[in-house]
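Trainee: Here you go, entry_10.cif (mmCIF, C-alpha atoms):
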```cif
data_start
loop_
_atom_site.label_atom_id
_atom_site.label_comp_id
_atom_site.auth_asym_id
_atom_site.auth_seq_id
_atom_site.Cartn_x
_atom_site.Cartn_y
_atom_site.Cartn_z
CA MET A 264 0.00 0.00 0.00
CA ASP A 265 1.16 3.55 -0.73
CA HIS A 266 0.25 6.93 0.78
CA ASP A 267 -2.91 7.25 -1.34
CA ASP A 268 -4.08 3.78 -0.30
CA TYR A 269 -3.76 4.57 3.40
CA MET A 270 -5.62 7.86 3.00
CA LYS A 271 -8.38 6.23 0.94
CA LEU A 272 -8.77 3.69 3.74
CA ALA A 273 -9.12 6.59 6.19
CA ILE A 274 -11.78 8.17 3.95
CA ASP A 275 -13.69 4.86 3.84
CA LEU A 276 -13.52 4.66 7.64
CA ALA A 277 -14.91 8.19 7.90
CA LYS A 278 -17.86 7.32 5.66
CA LEU A 279 -18.90 4.54 8.07
CA ALA A 280 -20.24 7.22 10.41
CA GLU A 281 -22.10 9.26 7.78
CA GLY A 282 -25.17 10.82 9.39
CA GLN A 283 -24.01 10.08 12.95
CA THR A 284 -21.56 12.89 13.73
CA SER A 285 -23.55 16.08 13.12
CA PRO A 286 -22.84 18.91 13.70
CA ASN A 287 -19.29 17.59 13.44
CA PRO A 288 -17.71 16.42 10.16
CA ILE A 289 -16.96 12.79 9.39
CA VAL A 290 -13.31 11.89 9.98
CA GLY A 291 -11.21 8.76 9.62
CA ALA A 292 -7.60 8.07 10.65
CA VAL A 293 -5.01 5.38 9.99
CA CYS A 294 -1.70 4.96 11.83
CA VAL A 295 1.09 3.21 9.91
CA LYS A 296 4.55 2.08 11.05
CA ASN A 297 7.12 0.32 8.88
CA GLY A 298 4.49 -0.43 6.25
CA GLN A 299 2.07 -1.98 8.76
CA ILE A 300 -1.26 -0.57 9.91
CA VAL A 301 -1.04 -0.33 13.69
CA GLY A 302 -4.16 1.73 14.40
CA THR A 303 -7.41 2.88 12.81
CA GLY A 304 -10.13 5.21 13.97
CA THR A 305 -13.48 6.75 13.07
CA HIS A 306 -15.19 9.70 14.70
CA MET A 307 -18.52 8.11 15.61
CA GLN A 308 -20.56 10.85 17.30
CA ALA A 309 -20.27 14.48 18.38
CA GLY A 310 -18.88 14.73 21.90
CA THR A 311 -17.00 11.41 21.66
CA PRO A 312 -13.28 10.88 20.88
CA HIS A 313 -12.11 11.92 17.43
CA ALA A 314 -10.75 9.54 14.82
CA GLU A 315 -7.11 10.39 15.56
CA VAL A 316 -7.56 9.50 19.24
CA HIS A 317 -9.02 6.08 18.41
CA ALA A 318 -6.21 5.33 15.95
CA LEU A 319 -3.48 6.40 18.37
CA ASN A 320 -5.01 4.53 21.30
CA MET A 321 -5.06 1.39 19.16
CA ALA A 322 -1.45 1.93 18.09
CA GLY A 323 -0.17 2.51 21.62
CA LEU A 324 3.64 2.62 21.73
CA ASN A 325 3.71 1.70 18.03
CA ALA A 326 2.74 5.31 17.35
CA ILE A 327 6.30 6.43 18.13
CA ASP A 328 7.99 7.45 14.83
CA ALA A 329 4.89 6.29 12.90
CA ASP A 330 2.84 8.06 10.22
CA LEU A 331 -0.71 9.23 10.81
CA TYR A 332 -3.16 9.63 7.91
CA VAL A 333 -6.21 11.74 8.77
CA THR A 334 -8.97 12.90 6.44
CA LEU A 335 -9.44 16.32 8.10
CA GLU A 336 -7.04 18.71 9.78
CA PRO A 337 -6.77 17.79 13.48
CA CYS A 338 -8.41 20.19 15.91
CA ALA A 339 -6.15 22.40 18.04
CA HIS A 340 -8.74 23.59 20.56
CA ASP A 341 -10.50 22.06 23.54
CA GLY A 342 -14.22 21.58 22.98
CA LYS A 343 -16.33 18.69 24.19
CA THR A 344 -13.11 16.66 23.78
CA PRO A 345 -9.44 17.67 24.21
CA ALA A 346 -7.42 19.00 21.26
CA CYS A 347 -6.29 16.21 18.93
CA THR A 348 -3.00 18.00 18.21
CA GLU A 349 -1.94 17.48 21.84
CA LYS A 350 -2.61 13.76 21.59
CA ILE A 351 -0.69 13.50 18.31
CA ILE A 352 2.31 15.40 19.66
CA ALA A 353 2.40 13.37 22.90
CA SER A 354 2.16 10.05 21.00
CA GLY A 355 5.49 10.51 19.21
CA ILE A 356 4.06 10.54 15.67
CA ARG A 357 6.75 11.41 13.06
CA ARG A 358 4.62 12.52 10.09
CA VAL A 359 1.00 13.51 9.60
CA PHE A 360 -0.72 13.30 6.21
CA ILE A 361 -3.86 15.45 5.96
CA ALA A 362 -6.46 15.30 3.18
CA SER A 363 -8.64 18.36 3.89
CA ASN A 364 -8.07 21.61 5.71
CA ASP A 365 -10.80 22.37 8.23
CA PRO A 366 -12.66 25.64 7.37
CA ASN A 367 -14.10 25.86 10.88
CA PRO A 368 -12.76 29.18 12.28
CA ALA A 369 -11.81 27.35 15.49
CA VAL A 370 -9.33 25.25 13.45
CA ASN A 371 -8.64 26.67 9.95
CA GLY A 372 -4.89 26.01 9.78
CA LYS A 373 -4.17 26.10 13.52
CA GLY A 374 -3.90 22.32 13.74
CA ILE A 375 -1.29 22.22 10.98
CA ARG A 376 0.70 25.09 12.54
CA PHE A 377 0.68 23.45 16.00
CA LEU A 378 1.96 20.15 14.62
CA ARG A 379 4.73 21.78 12.59
CA ALA A 380 5.75 23.94 15.55
CA ALA A 381 6.22 20.71 17.53
CA GLY A 382 8.62 19.39 14.88
CA ILE A 383 6.19 17.01 13.19
CA GLU A 384 6.34 16.85 9.39
CA VAL A 385 2.93 17.65 7.91
CA ILE A 386 1.94 16.80 4.34
CA THR A 387 -1.37 18.28 3.16
CA ASP A 388 -3.85 17.79 0.31
CA LEU A 389 -3.39 14.01 -0.02
CA CYS A 390 -6.57 12.71 -1.75
CA LYS A 391 -8.03 16.17 -1.08
CA GLU A 392 -10.77 16.11 -3.72
CA GLU A 393 -12.30 12.86 -2.46
CA ALA A 394 -12.03 13.88 1.20
CA ASP A 395 -13.49 17.34 0.56
CA PHE A 396 -16.46 15.81 -1.24
CA SER A 397 -17.16 13.41 1.62
CA ASN A 398 -17.52 16.44 3.94
CA ARG A 399 -19.27 18.71 1.43
CA ALA A 400 -22.28 19.20 3.73
CA PHE A 401 -20.11 20.26 6.68
CA PHE A 402 -18.04 22.63 4.53
CA HIS A 403 -21.22 24.19 3.09
CA PHE A 404 -22.66 24.63 6.60
CA ILE A 405 -19.51 26.34 7.88
CA GLN A 406 -19.08 28.59 4.85
CA HIS A 407 -22.73 29.60 4.29
CA GLN A 408 -24.29 29.12 7.75
CA LYS A 409 -27.12 27.15 6.17
CA PRO A 410 -27.91 23.43 5.92
CA TYR A 411 -26.81 21.47 2.86
CA VAL A 412 -30.07 20.73 1.02
CA THR A 413 -30.80 17.47 -0.78
CA LEU A 414 -34.03 17.10 -2.73
CA LYS A 415 -35.62 13.67 -2.95
CA ALA A 416 -38.41 12.81 -5.36
CA ALA A 417 -40.13 9.71 -6.71
CA THR A 418 -41.62 9.99 -10.19
CA THR A 419 -43.08 7.98 -13.01
CA LEU A 420 -41.06 7.62 -16.21
CA ASP A 421 -42.92 10.63 -17.61
CA GLY A 422 -41.84 12.71 -14.60
CA ARG A 423 -45.04 12.77 -12.52
CA LEU A 424 -44.96 12.95 -8.71
CA ALA A 425 -48.63 11.97 -8.48
CA THR A 426 -51.79 11.89 -10.55
CA GLN A 427 -53.74 15.11 -11.08
CA ASN A 428 -56.01 14.23 -8.14
CA GLY A 429 -53.01 13.80 -5.79
CA ASN A 430 -52.69 10.00 -5.67
CA SER A 431 -49.06 8.88 -5.31
CA LYS A 432 -49.13 5.52 -3.47
CA TRP A 433 -47.07 3.89 -4.56
CA ILE A 434 -45.08 5.15 -7.53
CA THR A 435 -41.84 3.37 -6.72
CA SER A 436 -41.05 -0.11 -5.45
CA GLU A 437 -40.57 -1.29 -1.89
CA SER A 438 -36.80 -1.46 -2.57
CA SER A 439 -36.69 2.22 -3.49
CA ARG A 440 -38.74 3.22 -0.48
CA GLN A 441 -36.36 1.29 1.76
CA ASN A 442 -33.44 3.12 0.17
CA VAL A 443 -35.13 6.43 1.01
CA HIS A 444 -35.14 5.42 4.67
CA THR A 445 -31.36 5.12 4.47
CA LEU A 446 -31.30 8.72 3.21
CA ARG A 447 -33.47 9.81 6.13
CA HIS A 448 -31.12 8.04 8.54
CA THR A 449 -28.14 10.08 7.24
CA HIS A 450 -29.83 13.50 7.43
CA ASP A 451 -30.38 15.77 10.41
CA ALA A 452 -33.82 16.91 9.31
CA ILE A 453 -36.53 16.14 6.74
CA LEU A 454 -38.74 18.82 5.21
CA VAL A 455 -42.12 18.74 3.45
CA GLY A 456 -44.82 21.23 2.64
CA VAL A 457 -48.24 21.28 4.28
CA ASN A 458 -49.87 19.78 1.16
CA THR A 459 -47.88 16.57 1.70
CA ILE A 460 -49.20 16.47 5.28
CA LEU A 461 -52.79 17.01 4.09
CA HIS A 462 -52.64 14.43 1.26
CA ASP A 463 -50.43 11.68 2.74
CA ASN A 464 -50.40 12.21 6.54
CA PRO A 465 -46.84 10.80 6.75
CA PHE A 466 -44.85 10.01 9.89
CA LEU A 467 -41.56 11.16 8.27
CA THR A 468 -39.58 8.72 10.40
CA THR A 469 -36.80 6.27 9.55
CA ARG A 470 -37.86 2.65 9.30
CA LEU A 471 -34.88 0.39 8.69
CA PRO A 472 -34.39 -3.24 9.77
CA HIS A 473 -31.88 -2.10 12.44
CA GLY A 474 -33.97 0.92 13.49
CA GLY A 475 -32.09 3.99 12.28
CA LYS A 476 -31.99 7.63 13.35
CA ASN A 477 -35.14 9.72 13.04
CA PRO A 478 -34.45 13.17 11.57
CA LYS A 479 -36.18 16.25 12.91
CA ARG A 480 -39.40 16.93 10.99
CA ILE A 481 -39.76 20.33 9.34
CA ILE A 482 -43.14 21.45 7.96
CA LEU A 483 -43.60 24.52 5.77
CA ASP A 484 -47.11 25.68 6.66
CA ARG A 485 -47.44 29.44 6.26
CA HIS A 486 -51.10 29.55 7.37
CA LEU A 487 -51.07 26.69 9.91
CA ARG A 488 -53.34 24.29 8.05
CA THR A 489 -51.78 21.15 9.60
CA PRO A 490 -54.54 19.15 11.34
CA LYS A 491 -54.14 18.49 15.06
CA THR A 492 -54.57 14.79 14.26
CA ALA A 493 -51.61 14.72 11.83
CA ASN A 494 -49.12 11.96 12.51
CA VAL A 495 -46.25 14.46 12.69
CA LEU A 496 -48.03 16.08 15.66
CA GLN A 497 -49.26 12.96 17.41
CA ASP A 498 -46.14 10.82 17.02
CA GLU A 499 -43.27 11.65 19.39
CA ALA A 500 -40.57 9.63 17.65
CA ALA A 501 -38.96 12.89 16.53
CA GLU A 502 -39.22 16.63 17.06
CA THR A 503 -41.55 18.51 14.68
CA ILE A 504 -40.93 22.16 13.79
CA ILE A 505 -43.61 24.01 11.84
CA PHE A 506 -42.68 27.24 10.06
CA ALA A 507 -45.58 29.66 9.64
CA LEU A 508 -46.09 33.34 8.95
CA GLU A 509 -46.05 35.53 12.04
CA SER A 510 -49.61 36.67 11.32
CA ASP A 511 -50.87 33.06 11.65
CA LYS A 512 -48.87 31.88 14.67
CA SER A 513 -51.63 32.20 17.28
CA ARG A 514 -53.23 28.79 16.71
CA THR A 515 -52.39 26.20 19.36
CA PHE A 516 -51.42 22.79 17.97
CA SER A 517 -50.20 20.56 20.70
CA ASP A 518 -48.96 20.53 24.29
CA SER A 519 -46.26 18.10 23.28
CA PRO A 520 -42.68 19.22 23.94
CA TYR A 521 -41.84 17.61 20.58
CA VAL A 522 -43.85 20.18 18.58
CA HIS A 523 -42.65 23.75 17.99
CA ILE A 524 -43.96 26.67 15.93
CA GLU A 525 -41.48 29.08 14.33
CA ALA A 526 -43.01 32.37 13.15
CA ILE A 527 -41.49 34.06 10.09
CA PRO A 528 -42.17 37.81 9.74
CA GLU A 529 -44.17 39.03 6.77
CA HIS A 530 -42.15 40.36 3.82
CA THR A 531 -39.20 38.12 4.71
CA ASP A 532 -37.60 35.67 2.28
CA PHE A 533 -39.44 32.70 3.78
CA LEU A 534 -37.22 29.82 2.61
CA ASP A 535 -33.97 31.63 3.27
CA GLU A 536 -35.10 32.49 6.79
CA VAL A 537 -36.15 28.88 7.42
CA LEU A 538 -32.68 27.64 6.46
CA THR A 539 -30.98 30.29 8.59
CA ARG A 540 -33.01 29.26 11.63
CA LEU A 541 -32.39 25.57 11.01
CA ALA A 542 -28.64 26.25 10.89
CA LYS A 543 -28.90 28.00 14.26
CA ARG A 544 -30.45 24.79 15.58
CA GLY A 545 -27.35 22.90 14.41
CA ILE A 546 -28.99 21.23 11.42
CA VAL A 547 -26.22 20.56 8.88
CA THR A 548 -28.07 18.33 6.40
CA LEU A 549 -31.66 18.74 5.22
CA LEU A 550 -33.59 16.22 3.12
CA VAL A 551 -36.46 17.87 1.22
CA GLU A 552 -39.14 15.37 0.22
CA GLY A 553 -41.51 17.80 -1.43
CA GLY A 554 -43.99 18.11 -2.92
CA SER A 555 -43.84 19.88 -6.26
CA GLN A 556 -44.32 23.45 -4.98
CA VAL A 557 -41.65 22.99 -2.33
CA HIS A 558 -39.14 21.44 -4.74
CA THR A 559 -39.79 24.20 -7.25
CA SER A 560 -39.29 26.89 -4.59
CA PHE A 561 -35.93 25.45 -3.53
CA ILE A 562 -34.74 25.17 -7.13
CA GLN A 563 -35.91 28.65 -8.12
CA SER A 564 -34.25 30.13 -5.03
CA ARG A 565 -30.94 28.35 -5.78
CA LEU A 566 -31.09 26.72 -2.36
CA ALA A 567 -30.98 23.08 -3.54
CA ASN A 568 -27.56 21.41 -3.53
CA GLU A 569 -28.27 17.79 -4.50
CA LEU A 570 -30.99 15.59 -5.90
CA TYR A 571 -31.95 11.94 -5.48
CA LEU A 572 -34.54 11.12 -8.15
CA TYR A 573 -36.25 7.70 -8.07
CA MET A 574 -37.95 6.87 -11.39
CA ALA A 575 -40.42 4.00 -11.73
CA PRO A 576 -41.14 2.25 -15.06
CA LYS A 577 -44.69 3.63 -15.20
CA LEU A 578 -46.51 6.22 -17.29
CA VAL A 579 -49.47 8.14 -15.90
CA GLY A 580 -49.88 11.05 -18.33
CA ASN A 581 -51.08 13.69 -15.84
CA GLY A 582 -50.19 15.29 -12.54
CA PRO A 583 -47.47 17.55 -11.09
CA SER A 584 -43.78 17.13 -11.83
CA LEU A 585 -40.68 17.68 -9.72
CA PHE A 586 -40.04 21.17 -11.09
CA MET A 587 -42.68 23.43 -12.59
CA ASP A 588 -41.65 26.88 -13.86
CA SER A 589 -43.58 28.34 -16.77
CA SER A 590 -41.28 31.38 -16.94
CA ARG A 591 -38.52 29.43 -18.71
CA SER A 592 -39.24 29.57 -22.43
CA THR A 593 -35.97 28.19 -23.84
CA ILE A 594 -33.78 25.15 -23.15
CA ALA A 595 -30.94 27.60 -22.52
CA GLU A 596 -32.82 28.65 -19.36
CA SER A 597 -32.99 25.10 -18.04
CA GLU A 598 -31.47 24.16 -14.69
CA PRO A 599 -28.14 22.31 -15.23
CA LEU A 600 -27.25 19.34 -13.04
CA ARG A 601 -24.21 17.05 -12.92
CA ILE A 602 -25.04 13.37 -12.60
CA LEU A 603 -22.93 11.57 -10.02
CA ASP A 604 -24.34 8.09 -10.49
CA VAL A 605 -27.27 6.13 -11.86
CA LYS A 606 -28.28 2.96 -10.04
CA GLN A 607 -31.03 0.41 -10.50
CA ILE A 608 -32.92 -0.32 -7.30
CA GLY A 609 -35.47 -3.07 -7.70
CA GLU A 610 -37.56 -2.14 -10.74
CA ASP A 611 -36.65 1.54 -10.46
CA ILE A 612 -33.78 3.82 -11.44
CA ARG A 613 -32.17 6.16 -8.91
CA ILE A 614 -30.33 9.21 -10.26
CA HIS A 615 -28.00 11.06 -7.89
CA ALA A 616 -27.09 14.52 -9.20
CA LEU A 617 -25.58 17.84 -8.12
CA PHE A 618 -27.03 21.28 -8.65
CA PRO A 619 -24.54 24.06 -9.49
CA THR A 620 -24.58 24.95 -5.77
CA GLY A 621 -23.75 21.37 -4.76
CA GLY A 622 -20.47 19.66 -4.01
CA VAL A 623 -17.58 21.68 -2.59
CA SER A 624 -17.54 25.40 -3.35
#
```
Starting from the file, give its structure as structure tokens.

Mentor:
Amino acid sequence: MDHDDYMKLAIDLAKLAEGQTSPNPIVGAVCVKNGQIVGTGTHMQAGTPHAEVHALNMAGLNAIDADLYVTLEPCAHDGKTPACTEKIIASGIRRVFIASNDPNPAVNGKGIRFLRAAGIEVITDLCKEEADFSNRAFFHFIQHQKPYVTLKAATTLDGRLATQNGNSKWITSESSRQNVHTLRHTHDAILVGVNTILHDNPFLTTRLPHGGKNPKRIILDRHLRTPKTANVLQDEAAETIIFALESDKSRTFSDSPYVHIEAIPEHTDFLDEVLTRLAKRGIVTLLVEGGSQVHTSFIQSRLANELYLYMAPKLVGNGPSLFMDSSRSTIAESEPLRILDVKQIGEDIRIHALFPTGGVS
């Protein structure tokens, strides 16, 4: 194995904790001595030891004069856990290979400077592109102070989200719906519009064979039309936050501590303000499940970063589509996306794509 191989292993280790570390980034580390891996680590959850600490603890005395490969610049400040740079320096590590610099103002080059000041050789930008992309949501959150937004939609082959009377159960296969629950598990919050609540009465929870993490439920309901009997209000598996206009905030929904109303002032950019407030709540990743009006609003506002589109081999011939904008009269005005991968799931096709605002800016 060469330097790239060790770093790619560290990146794979980081990805094992995708969706578990928020608001922290995902990080993996590998400790190597004389061509042998003597320690590995993954940051598993915010407030718990970082990847470097796990790798060095596993290596023990073998860390002396060894190399450490870490996907993100080690922290140099005490937070919920001690600074990783102190642990690295005390362990006797000879060289540190770093894939990504950490844009967090609390780090942002300080970790590298501390290590070099202690006489440790530091090599940066090893497998940088791949490591940066794995933490694209965290980087976006730090740089823009807004969640990284992923749209998810299920359509027929002719692009319909439902029939013209609102029927949408079920467009895609059980395999695709199970895959969507994996997406929910890896996101901090899930967002829908009030029309989805009225038509489908969803729970918006994660249902995987091993359980999974339930994201916070975000409802866009400007005029508070959500029924008191809605599953998102009655079910306490996850917190529900309803965003409404300030003029309509007086209605009482529930005494449950799991339900909150956020009032947005009139004449405010509604979606932008929603994302700003979600960021203040520490929500790094947001999965938007629609419907059509909500998806269209995110796309028109340039607030969508990624898309997962599940297409079933069915034709219905009527009904709303993912994106509806009658103002665009030429193909030159179309919204460009970059396809990352296309995968068959059961009978369906899943397209994973980036909007121009997606990836690493």

Trainee: Have a look at A:Thr468, A:Thr539, A:Thr503, A:Gln408 and name the one nearest to Gln441 in chain A; count all atoms listed in the file.

Mentor: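 That would be A:Thr468, the residue with the smallest distance to Gln441 in chain A.
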
Trainee: For the structure shown, which residues end up in the PyMOL selection byres ((chain A and resi 435) around 12)? Put them as a short mmCIF file (atom, residue, chain, number, x, y, z; two decimals) with C-alpha atoms, in the frame of the given file, please?

Mentor:
```
data_model
loop_
_atom_site.label_atom_id
_atom_site.label_comp_id
_atom_site.auth_asym_id
_atom_site.auth_seq_id
_atom_site.Cartn_x
_atom_site.Cartn_y
_atom_site.Cartn_z
CA ALA A 416 -38.41 12.81 -5.36
CA ALA A 417 -40.13 9.71 -6.71
CA THR A 418 -41.62 9.99 -10.19
CA THR A 419 -43.08 7.98 -13.01
CA LEU A 420 -41.06 7.62 -16.21
CA ARG A 423 -45.04 12.77 -12.52
CA LEU A 424 -44.96 12.95 -8.71
CA ALA A 425 -48.63 11.97 -8.48
CA SER A 431 -49.06 8.88 -5.31
CA LYS A 432 -49.13 5.52 -3.47
CA TRP A 433 -47.07 3.89 -4.56
CA ILE A 434 -45.08 5.15 -7.53
CA SER A 436 -41.05 -0.11 -5.45
CA GLU A 437 -40.57 -1.29 -1.89
CA SER A 438 -36.80 -1.46 -2.57
CA SER A 439 -36.69 2.22 -3.49
CA ARG A 440 -38.74 3.22 -0.48
CA GLN A 441 -36.36 1.29 1.76
CA ASN A 442 -33.44 3.12 0.17
CA VAL A 443 -35.13 6.43 1.01
CA LEU A 572 -34.54 11.12 -8.15
CA TYR A 573 -36.25 7.70 -8.07
CA MET A 574 -37.95 6.87 -11.39
CA ALA A 575 -40.42 4.00 -11.73
CA PRO A 576 -41.14 2.25 -15.06
CA LYS A 577 -44.69 3.63 -15.20
CA LEU A 578 -46.51 6.22 -17.29
CA GLN A 607 -31.03 0.41 -10.50
CA ILE A 608 -32.92 -0.32 -7.30
CA GLY A 609 -35.47 -3.07 -7.70
CA GLU A 610 -37.56 -2.14 -10.74
CA ASP A 611 -36.65 1.54 -10.46
CA ILE A 612 -33.78 3.82 -11.44
CA ARG A 613 -32.17 6.16 -8.91
#
```

Trainee: Can you work out the spacing between CA of Gly474 in chain A and CA of His448 in chain A in Å, to one decimal?

Mentor: 9.1 Å

Trainee: Distance CA of Lys415 in chain A-CA of Glu552 in chain A, one decimal place?

Mentor: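 Between CA of Lys415 in chain A and CA of Glu552 in chain A the gap works out to 5.0 Å.
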
Trainee: Which neighbours of Tyr332 in chain A fall inside 6 Å, counting all atoms listed in the file, when residues of the same chain fewer than 3 positions from it are skipped, and could you give them as a list in words?

Mentor: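 So, after excluding close chain neighbours, the residues are Met270, Ala292, Val293, Val359 and Phe360 of chain A.
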
Trainee: What's the separation between CA of His266 in chain A and CA of Thr348 in chain A, in Å to one decimal place?

Mentor: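 Atom-to-atom, CA of His266 in chain A and CA of Thr348 in chain A are spaced 20.9 Å apart.
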
Trainee: Which one of A:Gly456, A:Pro286, A:Pro337, A:Gly310 sits closest to His558 in chain A if you count all atoms listed in the file?

Mentor: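 Smallest separation from His558 in chain A among the options: A:Gly456.
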
Trainee: Hey, what's within 10 Å of Asn398 in chain A if we count all atoms listed in the file and toss same-chain stuff fewer than 5 positions away? As number ranges by chain, please?

Mentor: A: 277-278, 281, 287-290, 334-335, 363, 365, 393, 403, 622-623

Trainee: Using only C-alpha atoms, find the one residue out of A:Leu467, A:Ala280, A:Ala500, A:Leu566 that sits nearest to His407 in chain A.

Mentor: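 That would be A:Leu566, the residue with the smallest distance to His407 in chain A.
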
Trainee: For Pro465 in chain A, find every residue with an atom within 10 Å (counting only C-alpha atoms), except residues of its own chain fewer than 3 positions away, and show them as an MDAnalysis selection string.

Mentor: chainID A and resid 455 459:462 468 493:495
